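Participant: Provided herewith is a single structure, encoded as C-alpha cells, for subsequent inquiry.
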Amino acid sequence: MVRDIVIYPDKRLKLISKEVTQFDTELHTLLDDMYDTMISKKGVGLAAIQIGVALRALIINIPDSDSDEQPKENTLEIINPIFVSQEGKEKHQEGCLSIPGIYEDIERAKYVKIEYQDRFGKRHSIEDDDFLAVAIQHEIDHLEGKVFIEKLSILKRKKFEKEWKKRSK
Ligand SMILES: [Zn+2]
C-alpha cells in the first residue's frame, strides 16, 4: 500500500528513530508499504520515518543498469544498521523523496561497510564504494533525524531555503 511521504520541513524528519525489536508481520507490512511508496515516486531509497514511522528501517533499490527496473526482489531491506567502516571522500548528486525536486552535490565517505538485520532479524553485512554507499549513508542519516541539505554550506543552505519557500507557496 502506498503511504503519504513526510515532506520537509515536517518536524518528524528530525526524530531519532528507535531500534526495531519485533521482526513480525507488522514490520513486514511496513517494509512492503515502503517499497510501494518508494516505487510510486520513482525513488531509490526510503527510510521508515519518511512515511512517519520512527523505526530504524530503510530500503534501497538501485535500478537495474540495463532495464532501469526496480523489481521487489532487488530491494535491500536494512534494519538496525551500524557503520563498521567508512573511508575516503567523494561527492555525488543526491535527491530525497522528502525534498522533491531538489538535487545537490553532497560529500560523503567513498567506502562504507555496515552490519544490519533483515526483516527476519538475521544479521548481515554489506560493503560498497559506489552509488549504494551513497544511498546507505543518505538513508542512515534519516534514522538520525538528518536530511541531506543539512550538509550544504551556509550559503547554499540559505539559497535552498529561499527556493523551497517559493515552491511551497
Ligand atoms: Zn532522503
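Letters for chains follow the order of the C-alpha cells (A, B, ...), residue numbers begin at 1 for each chain, and ligand numbers begin at 1 in the order shown.
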Find the spatial neighbours of range 137-145 of chain A, counting only C-alpha atoms, within a cut-off of 9 Å - ignore same-chain residues fewer than 5 positions away - and output them as a ChimeraX atom specification.

Facilitator: /A:12-18,45-50,54-60,81-82,94,96,108-109,112,132

Participant: With the cut-off set at 9 Å and counting only C-alpha atoms, tabulate each residue of range 8-107 of chain A with an atom at most that distance from an atom of range 152-155 of chain A, showing the nearest atom pair and its distance in Å to one decimal, ordered by chain and increasing number, as CSV.

Facilitator:
residue,atom,partner,partner_atom,distance
A:Glu104,CA,A:Leu152,CA,8.2
A:Asp105,CA,A:Leu152,CA,8.4
A:Ile106,CA,A:Leu152,CA,7.2

Participant: Could you please take those selected residues and save N, CA and C atoms as an mmCIF file, in the first residue's frame?

Facilitator:
data_model
loop_
_atom_site.group_PDB
_atom_site.id
_atom_site.type_symbol
_atom_site.label_atom_id
_atom_site.label_comp_id
_atom_site.auth_asym_id
_atom_site.auth_seq_id
_atom_site.Cartn_x
_atom_site.Cartn_y
_atom_site.Cartn_z
ATOM 1 N N GLU A 104 21.411 18.141 -5.053
ATOM 2 C CA GLU A 104 22.622 18.870 -4.652
ATOM 3 C C GLU A 104 23.794 17.901 -4.560
ATOM 4 N N ASP A 105 25.002 18.420 -4.820
ATOM 5 C CA ASP A 105 26.215 17.626 -4.643
ATOM 6 C C ASP A 105 26.565 17.573 -3.159
ATOM 7 N N ILE A 106 26.698 16.368 -2.649
ATOM 8 C CA ILE A 106 26.960 16.174 -1.225
ATOM 9 C C ILE A 106 28.205 15.297 -1.070
#

Participant: As a short mmCIF file (atom, residue, chain, number, x, y, z; two decimals) with all heavy atoms, in the first residue's frame, please: every residue in range 66-160 of chain A that DSSP puts in helix (DSSP H, G or I).

Facilitator:
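Saved the output as out-v1.cif:
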data_model
loop_
_atom_site.label_atom_id
_atom_site.label_comp_id
_atom_site.auth_asym_id
_atom_site.auth_seq_id
_atom_site.Cartn_x
_atom_site.Cartn_y
_atom_site.Cartn_z
N LYS A 72 10.99 -6.00 -6.95
CA LYS A 72 10.97 -6.05 -5.49
C LYS A 72 12.07 -6.93 -4.91
O LYS A 72 12.64 -6.64 -3.86
CB LYS A 72 9.60 -6.54 -5.01
CG LYS A 72 9.49 -6.41 -3.51
CD LYS A 72 8.08 -6.37 -3.02
CE LYS A 72 8.10 -6.01 -1.54
NZ LYS A 72 6.88 -6.33 -0.86
N GLU A 73 12.40 -8.03 -5.63
CA GLU A 73 13.41 -8.95 -5.10
C GLU A 73 14.81 -8.31 -5.05
O GLU A 73 15.69 -8.83 -4.39
CB GLU A 73 13.43 -10.28 -5.87
CG GLU A 73 13.76 -10.16 -7.35
CD GLU A 73 12.52 -10.00 -8.23
OE1 GLU A 73 11.48 -9.53 -7.72
OE2 GLU A 73 12.59 -10.34 -9.42
N ASN A 74 15.00 -7.19 -5.74
CA ASN A 74 16.28 -6.48 -5.67
C ASN A 74 16.37 -5.52 -4.49
O ASN A 74 17.38 -4.85 -4.31
CB ASN A 74 16.52 -5.67 -6.95
CG ASN A 74 16.82 -6.55 -8.14
OD1 ASN A 74 16.84 -7.77 -8.02
ND2 ASN A 74 17.04 -5.94 -9.29
N PHE A 131 27.49 3.87 -5.82
CA PHE A 131 26.24 4.57 -5.53
C PHE A 131 25.51 3.98 -4.31
O PHE A 131 24.85 4.73 -3.56
CB PHE A 131 25.32 4.56 -6.75
CG PHE A 131 24.11 5.41 -6.55
CD1 PHE A 131 24.24 6.79 -6.35
CD2 PHE A 131 22.85 4.85 -6.51
CE1 PHE A 131 23.13 7.59 -6.12
CE2 PHE A 131 21.73 5.65 -6.28
CZ PHE A 131 21.87 7.01 -6.09
N LEU A 132 25.63 2.68 -4.11
CA LEU A 132 24.99 2.07 -2.93
C LEU A 132 25.53 2.66 -1.64
O LEU A 132 24.76 2.88 -0.69
CB LEU A 132 25.18 0.54 -2.96
CG LEU A 132 24.62 -0.24 -1.76
CD1 LEU A 132 23.12 -0.04 -1.62
CD2 LEU A 132 24.96 -1.72 -1.89
N ALA A 133 26.83 2.95 -1.62
CA ALA A 133 27.44 3.56 -0.42
C ALA A 133 26.82 4.93 -0.13
O ALA A 133 26.57 5.28 1.03
CB ALA A 133 28.95 3.70 -0.62
N VAL A 134 26.55 5.68 -1.20
CA VAL A 134 25.91 7.00 -1.05
C VAL A 134 24.51 6.82 -0.48
O VAL A 134 24.12 7.49 0.49
CB VAL A 134 25.81 7.72 -2.43
CG1 VAL A 134 25.10 9.06 -2.27
CG2 VAL A 134 27.19 7.91 -3.03
N ALA A 135 23.75 5.89 -1.07
CA ALA A 135 22.37 5.66 -0.64
C ALA A 135 22.31 5.21 0.83
O ALA A 135 21.48 5.69 1.60
CB ALA A 135 21.70 4.63 -1.55
N ILE A 136 23.22 4.31 1.21
CA ILE A 136 23.25 3.82 2.59
C ILE A 136 23.47 4.99 3.56
O ILE A 136 22.76 5.14 4.55
CB ILE A 136 24.37 2.76 2.77
CG1 ILE A 136 23.96 1.44 2.10
CG2 ILE A 136 24.70 2.54 4.24
CD1 ILE A 136 25.09 0.39 2.04
N GLN A 137 24.42 5.86 3.23
CA GLN A 137 24.73 6.98 4.13
C GLN A 137 23.57 7.97 4.18
O GLN A 137 23.23 8.51 5.24
CB GLN A 137 26.02 7.67 3.68
CG GLN A 137 27.24 6.77 3.86
CD GLN A 137 28.50 7.40 3.27
OE1 GLN A 137 29.15 8.21 3.91
NE2 GLN A 137 28.83 7.04 2.04
N HIS A 138 22.96 8.23 3.03
CA HIS A 138 21.80 9.15 2.97
C HIS A 138 20.65 8.62 3.83
O HIS A 138 20.07 9.36 4.63
CB HIS A 138 21.35 9.29 1.50
CG HIS A 138 20.15 10.16 1.31
ND1 HIS A 138 20.19 11.36 0.64
CD2 HIS A 138 18.85 10.00 1.70
CE1 HIS A 138 18.98 11.89 0.64
NE2 HIS A 138 18.15 11.09 1.27
N GLU A 139 20.35 7.33 3.70
CA GLU A 139 19.21 6.75 4.43
C GLU A 139 19.50 6.62 5.93
O GLU A 139 18.62 6.85 6.75
CB GLU A 139 18.81 5.40 3.84
CG GLU A 139 18.36 5.44 2.38
CD GLU A 139 17.30 6.48 2.07
OE1 GLU A 139 16.49 6.81 2.95
OE2 GLU A 139 17.28 6.97 0.92
N ILE A 140 20.73 6.26 6.29
CA ILE A 140 21.06 6.15 7.73
C ILE A 140 20.97 7.53 8.38
O ILE A 140 20.55 7.65 9.53
CB ILE A 140 22.43 5.45 7.95
CG1 ILE A 140 22.31 3.97 7.57
CG2 ILE A 140 22.89 5.60 9.41
CD1 ILE A 140 23.58 3.14 7.73
N ASP A 141 21.32 8.58 7.64
CA ASP A 141 21.14 9.94 8.16
C ASP A 141 19.68 10.18 8.59
O ASP A 141 19.43 10.81 9.61
CB ASP A 141 21.51 10.99 7.09
CG ASP A 141 22.96 11.46 7.22
OD1 ASP A 141 23.67 10.98 8.12
OD2 ASP A 141 23.37 12.31 6.40
N HIS A 142 18.72 9.68 7.79
CA HIS A 142 17.31 9.84 8.15
C HIS A 142 17.01 9.22 9.51
O HIS A 142 16.21 9.75 10.28
CB HIS A 142 16.40 9.19 7.10
CG HIS A 142 16.15 10.03 5.88
ND1 HIS A 142 15.56 11.26 5.95
CD2 HIS A 142 16.42 9.81 4.57
CE1 HIS A 142 15.46 11.77 4.72
NE2 HIS A 142 15.99 10.91 3.86
N LEU A 143 17.65 8.09 9.82
CA LEU A 143 17.41 7.43 11.10
C LEU A 143 17.91 8.29 12.27
O LEU A 143 17.44 8.16 13.39
CB LEU A 143 18.10 6.06 11.16
CG LEU A 143 17.84 5.08 10.01
CD1 LEU A 143 18.47 3.73 10.33
CD2 LEU A 143 16.36 4.91 9.75
N PHE A 148 19.71 15.55 3.83
CA PHE A 148 20.96 15.84 3.11
C PHE A 148 21.28 17.32 2.95
O PHE A 148 22.45 17.68 2.89
CB PHE A 148 20.99 15.11 1.76
CG PHE A 148 20.15 15.72 0.67
CD1 PHE A 148 20.74 16.39 -0.40
CD2 PHE A 148 18.77 15.63 0.69
CE1 PHE A 148 19.98 16.95 -1.42
CE2 PHE A 148 18.00 16.18 -0.33
CZ PHE A 148 18.61 16.85 -1.38
N ILE A 149 20.25 18.17 2.92
CA ILE A 149 20.54 19.59 2.74
C ILE A 149 21.24 20.22 3.95
O ILE A 149 21.82 21.30 3.85
CB ILE A 149 19.25 20.38 2.41
CG1 ILE A 149 18.13 19.95 3.35
CG2 ILE A 149 18.84 20.21 0.96
CD1 ILE A 149 17.38 21.09 3.86
N GLU A 150 21.22 19.51 5.08
CA GLU A 150 21.95 19.99 6.26
C GLU A 150 23.45 19.92 6.05
O GLU A 150 24.22 20.51 6.80
CB GLU A 150 21.57 19.17 7.49
CG GLU A 150 20.16 19.46 7.98
CD GLU A 150 19.70 18.49 9.07
OE1 GLU A 150 20.49 18.20 9.98
OE2 GLU A 150 18.55 18.04 9.00
N LYS A 151 23.88 19.19 5.02
CA LYS A 151 25.31 19.07 4.73
C LYS A 151 25.80 20.17 3.79
O LYS A 151 26.99 20.25 3.50
CB LYS A 151 25.60 17.69 4.12
CG LYS A 151 25.43 16.55 5.13
CD LYS A 151 25.72 15.23 4.49
CE LYS A 151 26.86 14.44 5.09
NZ LYS A 151 27.04 14.39 6.50
N ILE A 154 26.61 27.07 4.40
CA ILE A 154 25.60 28.02 4.89
C ILE A 154 24.96 28.80 3.74
O ILE A 154 23.75 28.97 3.68
CB ILE A 154 26.24 28.99 5.91
CG1 ILE A 154 26.67 28.20 7.16
CG2 ILE A 154 25.26 30.09 6.32
CD1 ILE A 154 27.50 29.01 8.15
N LEU A 155 25.80 29.21 2.81
CA LEU A 155 25.32 29.99 1.67
C LEU A 155 24.34 29.19 0.81
O LEU A 155 23.26 29.67 0.45
CB LEU A 155 26.52 30.43 0.83
CG LEU A 155 26.36 31.75 0.08
CD1 LEU A 155 26.21 32.90 1.05
CD2 LEU A 155 27.56 31.99 -0.84
N LYS A 156 24.73 27.96 0.49
CA LYS A 156 23.87 27.09 -0.33
C LYS A 156 22.60 26.71 0.41
O LYS A 156 21.54 26.56 -0.19
CB LYS A 156 24.63 25.83 -0.76
CG LYS A 156 25.59 26.09 -1.90
CD LYS A 156 26.15 24.78 -2.42
CE LYS A 156 26.93 25.01 -3.69
NZ LYS A 156 27.67 23.81 -4.10
N ARG A 157 22.72 26.57 1.72
CA ARG A 157 21.56 26.22 2.53
C ARG A 157 20.54 27.35 2.51
O ARG A 157 19.34 27.14 2.37
CB ARG A 157 22.01 25.93 3.96
CG ARG A 157 20.89 25.60 4.93
CD ARG A 157 20.26 24.25 4.62
NE ARG A 157 19.07 24.02 5.42
CZ ARG A 157 19.09 23.40 6.61
NH1 ARG A 157 20.22 22.98 7.12
NH2 ARG A 157 17.97 23.21 7.27
N LYS A 158 21.04 28.59 2.60
CA LYS A 158 20.16 29.76 2.56
C LYS A 158 19.44 29.85 1.23
O LYS A 158 18.25 30.15 1.17
CB LYS A 158 20.98 31.04 2.81
CG LYS A 158 21.19 31.33 4.27
CD LYS A 158 21.79 32.70 4.48
CE LYS A 158 21.91 33.02 5.97
NZ LYS A 158 23.00 33.99 6.21
N LYS A 159 20.21 29.59 0.17
CA LYS A 159 19.65 29.62 -1.18
C LYS A 159 18.55 28.56 -1.32
O LYS A 159 17.47 28.81 -1.86
CB LYS A 159 20.78 29.33 -2.19
CG LYS A 159 20.60 30.03 -3.51
CD LYS A 159 21.81 29.80 -4.39
CE LYS A 159 21.34 29.41 -5.78
NZ LYS A 159 22.36 28.66 -6.51
N PHE A 160 18.82 27.38 -0.76
CA PHE A 160 17.83 26.30 -0.79
C PHE A 160 16.56 26.71 -0.05
O PHE A 160 15.45 26.53 -0.56
CB PHE A 160 18.39 25.01 -0.20
CG PHE A 160 17.32 24.08 0.28
CD1 PHE A 160 16.59 23.32 -0.64
CD2 PHE A 160 16.98 24.01 1.62
CE1 PHE A 160 15.54 22.50 -0.21
CE2 PHE A 160 15.95 23.19 2.05
CZ PHE A 160 15.23 22.44 1.14
#

Participant: Mind pulling up the distance from CA of Leu76 in chain A to CA of Glu26 in chain A?

Facilitator: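 Computed distance, CA of Glu26 in chain A to CA of Leu76 in chain A, equals 18.0 Å.
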
Participant: For range 29-44 of chain A, work out the shell of residues within 6 Å, counting only C-alpha atoms and skipping chain neighbours fewer than 2 positions away, then give it as JSON, numbers by chain.

Facilitator: {"A": [1, 2, 3, 26, 27, 60, 61, 62]}

Participant: Looking at only C-alpha atoms, which of A:Lys166, A:Glu161, A:Phe23, A:Asp10 is the one that sits closest to Lys146 in chain A?

Facilitator: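 Result for the nearest residue to Lys146 in chain A: A:Asp10.
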
Participant: Taking the DSSP secondary structure from the backbone, can you list the residues of range 54-132 of chain A that are strand (DSSP E or B), as a VMD selection string?

Facilitator: chain A and resid 55 57 to 60 76 to 87 90 to 94 104 to 108 111 to 117 123 to 128

Participant: Those same residues, written as an mmCIF file, in the first residue's frame with C-alpha atoms?

Facilitator:
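Full text of part-v5.cif as output:
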data_model
loop_
_atom_site.group_PDB
_atom_site.id
_atom_site.type_symbol
_atom_site.label_atom_id
_atom_site.label_comp_id
_atom_site.auth_asym_id
_atom_site.auth_seq_id
_atom_site.Cartn_x
_atom_site.Cartn_y
_atom_site.Cartn_z
ATOM 1 C CA LEU A 55 11.909 2.911 13.400
ATOM 2 C CA ALA A 57 14.397 0.538 8.998
ATOM 3 C CA LEU A 58 15.290 1.608 5.474
ATOM 4 C CA ILE A 59 15.132 0.216 1.984
ATOM 5 C CA ILE A 60 17.296 0.757 -1.088
ATOM 6 C CA LEU A 76 17.824 -4.243 0.106
ATOM 7 C CA GLU A 77 15.954 -4.125 3.426
ATOM 8 C CA ILE A 78 18.213 -2.759 6.140
ATOM 9 C CA ILE A 79 17.136 -2.886 9.786
ATOM 10 C CA ASN A 80 19.150 -1.511 12.738
ATOM 11 C CA PRO A 81 22.243 -0.669 10.655
ATOM 12 C CA ILE A 82 25.577 0.252 12.184
ATOM 13 C CA PHE A 83 28.679 1.506 10.404
ATOM 14 C CA VAL A 84 31.715 -0.689 10.905
ATOM 15 C CA SER A 85 33.917 1.158 8.427
ATOM 16 C CA GLN A 86 33.858 4.454 6.499
ATOM 17 C CA GLU A 87 36.780 5.517 4.306
ATOM 18 C CA GLU A 90 33.567 11.616 -2.657
ATOM 19 C CA LYS A 91 30.883 13.963 -3.949
ATOM 20 C CA HIS A 92 27.689 12.708 -5.561
ATOM 21 C CA GLN A 93 24.472 14.386 -6.558
ATOM 22 C CA GLU A 94 21.673 13.466 -4.160
ATOM 23 C CA GLU A 104 22.622 18.870 -4.652
ATOM 24 C CA ASP A 105 26.215 17.626 -4.643
ATOM 25 C CA ILE A 106 26.960 16.174 -1.225
ATOM 26 C CA GLU A 107 30.286 14.935 0.105
ATOM 27 C CA ARG A 108 30.278 11.629 1.941
ATOM 28 C CA TYR A 111 33.580 3.402 1.041
ATOM 29 C CA VAL A 112 31.310 2.121 3.758
ATOM 30 C CA LYS A 113 30.724 -1.191 5.456
ATOM 31 C CA ILE A 114 27.665 -1.742 7.620
ATOM 32 C CA GLU A 115 26.175 -4.514 9.694
ATOM 33 C CA TYR A 116 22.391 -4.808 9.788
ATOM 34 C CA GLN A 117 19.459 -7.163 10.208
ATOM 35 C CA ARG A 123 22.367 -10.450 10.727
ATOM 36 C CA HIS A 124 24.252 -9.470 7.580
ATOM 37 C CA SER A 125 26.995 -7.138 6.466
ATOM 38 C CA ILE A 126 27.453 -5.276 3.213
ATOM 39 C CA GLU A 127 30.141 -3.014 1.810
ATOM 40 C CA ASP A 128 30.260 -0.701 -1.189
#

Participant: I'd like the interatomic distance between CA of His28 in chain A and CA of Pro71 in chain A, to a tenth of an Å.

Facilitator: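 Between CA of His28 in chain A and CA of Pro71 in chain A the gap works out to 17.0 Å.
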
Participant: Can you work out the spacing between CA of Gly52 in chain A and CA of Ile5 in chain A in Å, to one decimal?

Facilitator: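 A separation of 7.6 Å between them.
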